[in-house]
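Have a look at the structure below before the remarks.
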Amino acid sequence: AKKFGVNELTIGLTVVALGTSAPEIFVGISSVLNQSESIAMGVVVGSNISNIALIFGVSCIGISFKPKSTPFIQFLPFLISALVLGLCLQDLKISPIESVLLLIVFLYFLYVIFKYKSPESLRNLDNESSQSNSNVSILLIASLFALIFGSRYAVIYAENIAILLNISELVIGLTIIAIGTSLPELAATISALLKKKTDMVVGNVIGSNILNITLVVPIIGFFSDVQLELVLLERDYLIMIVATIIFILFVTLYSSKYINLLMIRLMGLLLVSSYFGYLLSLSKL
């Protein structure tokens with residue numbers, strides 16, 4: 001993406017977001033094939049919560065400079081996808097029509113990215129970006145395959161352990177598998193922080209959450225008519241939408257002169273501790 005002069009936020013929204021969302025997409029397909037759709041929905045909602053509270057929280061704790069502001073237009077598909085998911089969950093079923101609606105939101109997301117992207121100078125390319133196009137492409141494809149197959153085995157054995165512990169499929173998806181499929185986001189976040197690319201972290205959270213909703217949920221809607229659990233809407237979706245609004249408000253404000261680095265780090269600690277509190281509540285501890 002750098003070779004095409006695309007800025008860091010757009011790279012995070014697209015290339016990194018798609019790569020780190022590959023496990024969630026794979027889990028969605030695998031869950032439908034295994035008639036375990038509750039796992040897929042748990043992963044969507046659980047991953048979105050962990051992306052904001054854990055992944056973005058970690059980035060706030062590790063931040064070393066004031067970030068640039070994110071254009072508000074980039075938040076619109078993010079907020080719309082979360083609200084549309086809430087509408088889809090009202091009857092605890094995902095219909096084909098609702099799936100089409102989510103895919104329209106995905107197309108709107110792509111439109112916003114390429115309509116409002118800002119090219120950046122190619123003079124600032126990293127050393128690794130100076131490799132040949134073929135080498136970069138081969139490494140990207142190999143990494144994506146490793147990510148998909150690695151997540152497959154992590155999910156299979158995490159599910160087996162959870163079944164042995166007599167935990168519901170929804171809780172499996174919300175916790176063990178959601179955290180497992182969010183590890184690529186965490187790795188990408190740490191890498192971006194080390195390279196001082198905060199924009200890429202924000203873009204990754206926004207892009208991953210949108211892709212989780214607009215690509216994974218339609219898989220359930222098109223190929224299954226499962227009845228979901230009410231607790232998903234009343235507890236977990238509610239937490240997800242609150243986290244989404246807090247994220248949008250905070251990212252909108254944290255580049256202003258009224259917010260300093262200490263306040264950003266304290267917010268990060270609050271987000272991470274809230275996430276662990278959420279996990280403890282799910283595990284009844």
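Letters A, B, ... mark the chains of the structure tokens in the order given; residue numbers begin at 1 per chain; ligand numbers begin at 1, in order shown.
Residues in contact with Phe223 of chain A at 8 Å, where only C-alpha atoms are counted and same-chain residues fewer than 3 positions away are skipped, are listed as A:Val32, A:Ile219, A:Ile220.
Residues surrounding Ile97 of chain A within 12 Å are Cys88, Lys93, Ile94, Val100, Leu101, Leu102, Leu103, Ile104, Val217, Pro218, Ile220, Gly221 and Phe222 of chain A [only C-alpha atoms; sequence separation below 3 positions excluded].
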Next item on the list: Do a neighbour search on Gly173 of chain A at 9 Å with only C-alpha atoms, toss out local chain neighbours closer than 5 positions, and write the hits as a VMD selection string.
Entry: chain A and resid 38 to 47 159 168 178 to 179
Quick one: write out the picked residues with all heavy atoms as an mmCIF file, in the first residue's frame?
data_model
loop_
_atom_site.group_PDB
_atom_site.id
_atom_site.type_symbol
_atom_site.label_atom_id
_atom_site.label_comp_id
_atom_site.auth_asym_id
_atom_site.auth_seq_id
_atom_site.Cartn_x
_atom_site.Cartn_y
_atom_site.Cartn_z
ATOM 1 N N SER A 38 -23.538 -19.737 17.005
ATOM 2 C CA SER A 38 -23.392 -18.912 18.199
ATOM 3 C C SER A 38 -21.929 -18.552 18.452
ATOM 4 O O SER A 38 -21.623 -17.479 18.967
ATOM 5 C CB SER A 38 -23.966 -19.626 19.426
ATOM 6 O OG SER A 38 -25.366 -19.709 19.338
ATOM 7 N N ILE A 39 -21.038 -19.471 18.077
ATOM 8 C CA ILE A 39 -19.608 -19.190 18.218
ATOM 9 C C ILE A 39 -19.229 -18.018 17.316
ATOM 10 O O ILE A 39 -18.539 -17.088 17.742
ATOM 11 C CB ILE A 39 -18.761 -20.435 17.871
ATOM 12 C CG1 ILE A 39 -18.952 -21.516 18.935
ATOM 13 C CG2 ILE A 39 -17.282 -20.071 17.746
ATOM 14 C CD1 ILE A 39 -18.173 -22.788 18.666
ATOM 15 N N ALA A 40 -19.697 -18.050 16.061
ATOM 16 C CA ALA A 40 -19.363 -16.987 15.106
ATOM 17 C C ALA A 40 -19.871 -15.630 15.593
ATOM 18 O O ALA A 40 -19.155 -14.631 15.534
ATOM 19 C CB ALA A 40 -19.935 -17.309 13.735
ATOM 20 N N MET A 41 -21.116 -15.574 16.076
ATOM 21 C CA MET A 41 -21.660 -14.303 16.572
ATOM 22 C C MET A 41 -20.920 -13.850 17.819
ATOM 23 O O MET A 41 -20.672 -12.654 18.013
ATOM 24 C CB MET A 41 -23.153 -14.453 16.875
ATOM 25 C CG MET A 41 -24.038 -14.435 15.649
ATOM 26 S SD MET A 41 -23.825 -12.971 14.592
ATOM 27 C CE MET A 41 -24.111 -11.648 15.753
ATOM 28 N N GLY A 42 -20.554 -14.809 18.671
ATOM 29 C CA GLY A 42 -19.763 -14.463 19.856
ATOM 30 C C GLY A 42 -18.419 -13.890 19.473
ATOM 31 O O GLY A 42 -17.937 -12.926 20.084
ATOM 32 N N VAL A 43 -17.824 -14.454 18.423
ATOM 33 C CA VAL A 43 -16.522 -13.963 17.962
ATOM 34 C C VAL A 43 -16.641 -12.548 17.400
ATOM 35 O O VAL A 43 -15.796 -11.689 17.664
ATOM 36 C CB VAL A 43 -15.919 -14.914 16.900
ATOM 37 C CG1 VAL A 43 -14.720 -14.282 16.217
ATOM 38 C CG2 VAL A 43 -15.513 -16.230 17.543
ATOM 39 N N VAL A 44 -17.688 -12.279 16.626
ATOM 40 C CA VAL A 44 -17.886 -10.939 16.053
ATOM 41 C C VAL A 44 -17.994 -9.894 17.162
ATOM 42 O O VAL A 44 -17.253 -8.906 17.187
ATOM 43 C CB VAL A 44 -19.143 -10.897 15.158
ATOM 44 C CG1 VAL A 44 -19.499 -9.455 14.790
ATOM 45 C CG2 VAL A 44 -18.935 -11.711 13.892
ATOM 46 N N VAL A 45 -18.920 -10.124 18.088
ATOM 47 C CA VAL A 45 -19.141 -9.148 19.162
ATOM 48 C C VAL A 45 -17.949 -9.111 20.119
ATOM 49 O O VAL A 45 -17.464 -8.045 20.493
ATOM 50 C CB VAL A 45 -20.441 -9.472 19.932
ATOM 51 C CG1 VAL A 45 -20.630 -8.521 21.108
ATOM 52 C CG2 VAL A 45 -21.644 -9.399 18.990
ATOM 53 N N GLY A 46 -17.445 -10.306 20.487
ATOM 54 C CA GLY A 46 -16.313 -10.374 21.414
ATOM 55 C C GLY A 46 -15.049 -9.761 20.849
ATOM 56 O O GLY A 46 -14.314 -9.054 21.562
ATOM 57 N N SER A 47 -14.767 -10.005 19.579
ATOM 58 C CA SER A 47 -13.574 -9.418 18.946
ATOM 59 C C SER A 47 -13.683 -7.902 18.852
ATOM 60 O O SER A 47 -12.698 -7.190 19.035
ATOM 61 C CB SER A 47 -13.368 -10.009 17.550
ATOM 62 O OG SER A 47 -12.962 -11.344 17.626
ATOM 63 N N GLU A 159 -11.886 -24.535 21.376
ATOM 64 C CA GLU A 159 -13.276 -24.983 21.458
ATOM 65 C C GLU A 159 -13.371 -26.315 22.208
ATOM 66 O O GLU A 159 -14.245 -26.501 23.050
ATOM 67 C CB GLU A 159 -13.859 -25.130 20.054
ATOM 68 C CG GLU A 159 -15.325 -25.546 20.051
ATOM 69 C CD GLU A 159 -15.892 -25.685 18.645
ATOM 70 O OE1 GLU A 159 -15.154 -25.419 17.687
ATOM 71 O OE2 GLU A 159 -17.053 -26.091 18.517
ATOM 72 N N SER A 168 -20.891 -22.542 27.469
ATOM 73 C CA SER A 168 -21.758 -22.398 26.300
ATOM 74 C C SER A 168 -20.963 -21.922 25.088
ATOM 75 O O SER A 168 -19.910 -21.287 25.217
ATOM 76 C CB SER A 168 -22.882 -21.394 26.584
ATOM 77 O OG SER A 168 -22.377 -20.077 26.566
ATOM 78 N N ALA A 178 -12.562 -15.275 20.680
ATOM 79 C CA ALA A 178 -12.477 -13.837 20.367
ATOM 80 C C ALA A 178 -11.084 -13.293 20.673
ATOM 81 O O ALA A 178 -10.508 -12.529 19.887
ATOM 82 C CB ALA A 178 -13.531 -13.065 21.161
ATOM 83 N N ILE A 179 -10.529 -13.696 21.822
ATOM 84 C CA ILE A 179 -9.179 -13.242 22.173
ATOM 85 C C ILE A 179 -8.165 -13.844 21.207
ATOM 86 O O ILE A 179 -7.255 -13.163 20.726
ATOM 87 C CB ILE A 179 -8.840 -13.621 23.629
ATOM 88 C CG1 ILE A 179 -9.730 -12.845 24.598
ATOM 89 C CG2 ILE A 179 -7.368 -13.344 23.938
ATOM 90 C CD1 ILE A 179 -9.639 -13.309 26.038
#
Checklist line | Length of the atom CA of Ser69 of chain A to atom CA of Ile248 of chain A vector [Å] | finding: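 We find that atom CA of Ser69 of chain A and atom CA of Ile248 of chain A lie 11.4 Å from each other.
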Notebook entry, point to check: With only C-alpha atoms as the basis for distance, which of A:Leu33, A:Val58, A:Ala53, A:Ile241 is at the shortest distance from Phe276 of chain A?
Noted result: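 Among the listed residues, A:Ala53 lies closest to Phe276 of chain A.
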Can I get the residues of segment 7-104 of chain A within 12 Å of segment 134-140 of chain A, each with the closest pair of atoms and their distance in Å to one decimal, using only C-alpha atoms, sorted chain first then ascending number, as CSV?
residue,atom,partner,partner_atom,distance
A:Val15,CA,A:Leu140,CA,9.7
A:Val16,CA,A:Leu140,CA,10.4
A:Leu18,CA,A:Leu140,CA,11.6
A:Gly19,CA,A:Leu140,CA,8.9
A:Thr20,CA,A:Leu140,CA,12.0
Notebook entry, point to check: Pick from A:Ser274, A:Gln90, A:Thr252, A:Asn260: nearest to Glu229 of chain A, with only C-alpha atoms counted?
Noted result: A:Gln90
